[in-house]
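S.K.: First the structure, then my questions, so here it is.
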Amino acid sequence: MELWIPITIAAAFMQNLRSALQKHLQGKLGTRGASFVRFGYGFPLAILYVVVLHWLVGLPFPTFNGAFAFWAVIGGLAQIYATMLLVYLFSLRNFAVGTAYSKTEPVQAAIFGFVLLGERITFGAVIAIIVGVIGVMLISVARAPLSWRNTFAALTSRTALIGIASGAVFGVSAVAYRSASLSLDGPGPIMNAAVTLACVTTFQTAFMLVWMFWKDKNEIVQVLKSWRSSSLVGIAGVLGSACWFTAMSLQQVAYVRALGQIELIFTFMASYFLFHERVNRTEVAGCLLIVCGILGLLFW
């Protein structure tokens with residue numbers, strides 16, 4: 001078995017674990033606090049990862065520049081907003097369906113690329129996009145009689161728009177992070193990605209601390225009180241990010257992202273066994289169609 005395969009599976013598992021822990025914390029901390037713990041308890045590990053690569057592996061530090069700072073800030077702010085949308089979405093729909101909405105990110109990226117950048121879309125990609133859209137439509141109307149009126153109402157509902165927006169903003173953050181990492185003059189993709197992760201999570205921690213201090217100081221107190229469970233979110237988030245970056249340095253991004261859709265299997269298991277949530281057949285079919293659309297888009 002090639003090394004990138006178990007690393008990608010580990011990344012998907014850690015990402016799912018982080019989301020499940022955030023959903024659990026959402027009732028205790030609120031959306032902002034549950035989102036903060038991903039960064040606030042994770043940045044020390046991200047810094048430690050860079051130190052290990054430098055002192056034990058022998059990789060030199062990259063040279064910073066203005067482009068890196070710009071893209072790191074854009075990506076960091078986008079990820080904060082996307083994470084808050086996703087955490088809030090968990091309070092509106094069950095865990096599995098909420099995660100499925102966020103998985104529309106690759107489909108949206110293809111559409112944005114065609115509309116804004118004029119990037120070519122193959123016939124196979126068009127079919128994949130249609131399949132993904134049908135999947136979203138099925139999820140949206142899963143708990144109502146299937147009709148054109150109900151479908152339109154569901155797709156324009158607050159829940160659907162929040163989920164789709166979450167996937168879109170996650171896409172913006174991914175593009176920004178890639179741009180930030182590529183702008184560094186460093187020894188290679190692994191160190192560049194590690195430094196990007198460390199800088200961004202440190203910035204996100206500082207930004208959200210100031211935000212919470214301004215909006216609600218008590219939220220900081222609650223985050224500190226829940227340090228046991230909150231620290232698990234941070235650890236899972238950083239380990240997942242490190243695995244994603246490592247896997248993508250070993251294999252093409254398309255293959256890594258395709259295999260990463262195994263996260264939905266972990267999601268349904270967590271939804272059923274941890275949160276005791278019921279997912280009906282229409283929602284399962286919708287989720288499977290989204291996965292098929294994403295895989296088709298990646299390979300076509």
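FYI, nothing fancy with the structure tokens labels: chains A, B, ... in order, residues from 1 per chain, ligands from 1 as they appear.
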Tell me, as a PyMOL selection string, which residues lie within 8 Å of range 65-70 of chain A, counting only C-alpha atoms; anything in the same chain fewer than 4 positions away does not count.
M.R.: chain A and resi 74+179-181+183-184
S.K.: Any chance you could export the current selection's N, CA, C and O atoms as an mmCIF file, in the first residue's frame?
M.R.:
```cif
data_model
loop_
_atom_site.group_PDB
_atom_site.id
_atom_site.type_symbol
_atom_site.label_atom_id
_atom_site.label_comp_id
_atom_site.auth_asym_id
_atom_site.auth_seq_id
_atom_site.Cartn_x
_atom_site.Cartn_y
_atom_site.Cartn_z
ATOM 1 N N ILE A 74 -6.301 36.177 4.187
ATOM 2 C CA ILE A 74 -7.545 35.876 3.468
ATOM 3 C C ILE A 74 -8.015 34.461 3.787
ATOM 4 O O ILE A 74 -9.192 34.218 4.099
ATOM 5 N N SER A 179 -2.215 29.265 -2.356
ATOM 6 C CA SER A 179 -1.486 30.429 -2.861
ATOM 7 C C SER A 179 -0.437 30.893 -1.863
ATOM 8 O O SER A 179 0.684 31.255 -2.250
ATOM 9 N N ALA A 180 -0.784 30.889 -0.579
ATOM 10 C CA ALA A 180 0.167 31.302 0.457
ATOM 11 C C ALA A 180 1.360 30.360 0.505
ATOM 12 O O ALA A 180 2.519 30.801 0.556
ATOM 13 N N SER A 181 1.096 29.067 0.469
ATOM 14 C CA SER A 181 2.178 28.087 0.534
ATOM 15 C C SER A 181 3.092 28.171 -0.686
ATOM 16 O O SER A 181 4.320 28.112 -0.569
ATOM 17 N N SER A 183 3.687 30.753 -2.460
ATOM 18 C CA SER A 183 4.406 32.031 -2.511
ATOM 19 C C SER A 183 5.676 32.020 -1.664
ATOM 20 O O SER A 183 6.522 32.903 -1.803
ATOM 21 N N LEU A 184 5.807 31.022 -0.786
ATOM 22 C CA LEU A 184 6.994 30.940 0.068
ATOM 23 C C LEU A 184 8.189 30.408 -0.700
ATOM 24 O O LEU A 184 8.064 29.501 -1.531
#
```
S.K.: Which residue gives the smallest distance to Val131 in chain A among A:Gly296, A:Phe245, A:Cys199, A:Ala72, with only C-alpha atoms counted?
M.R.: A:Gly296
S.K.: Env of Thr201 in chain A: 12 Å cut, atoms = only C-alpha atoms, seq-sep filter 3 positions within chain, self excluded. Answer as a ChimeraX atom specification.
M.R.: /A:36-47,72-73,75-77,79-80,177,194-198,204-208,234,237-238,241
S.K.: Which distance in Å separates CA of Ile262 in chain A and CA of Ile235 in chain A, to one decimal?
M.R.: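 Separation of CA of Ile262 in chain A and CA of Ile235 in chain A: 20.5 Å.
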S.K.: For Ala247 in chain A, please output as a list of chain:residue names all residues within 8 Å (counting only C-alpha atoms; exclusion window: fewer than 6 positions along the same chain).
M.R.: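 The residues that qualify are A:Trp4, A:Ile5, A:Ile7, A:Thr8, A:Val256.
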S.K.: Print the selection's residues with C-alpha atoms to a file, as a CSV table (one decimal), in the first residue's frame.
M.R.:
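File written: result11.csv
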```csv
chain,number,residue,atom,x,y,z
A,4,TRP,CA,-0.4,8.5,0.9
A,5,ILE,CA,-3.4,6.2,1.2
A,7,ILE,CA,-2.3,9.2,5.6
A,8,THR,CA,-5.3,10.4,3.6
A,256,VAL,CA,-6.1,12.6,-2.3
```
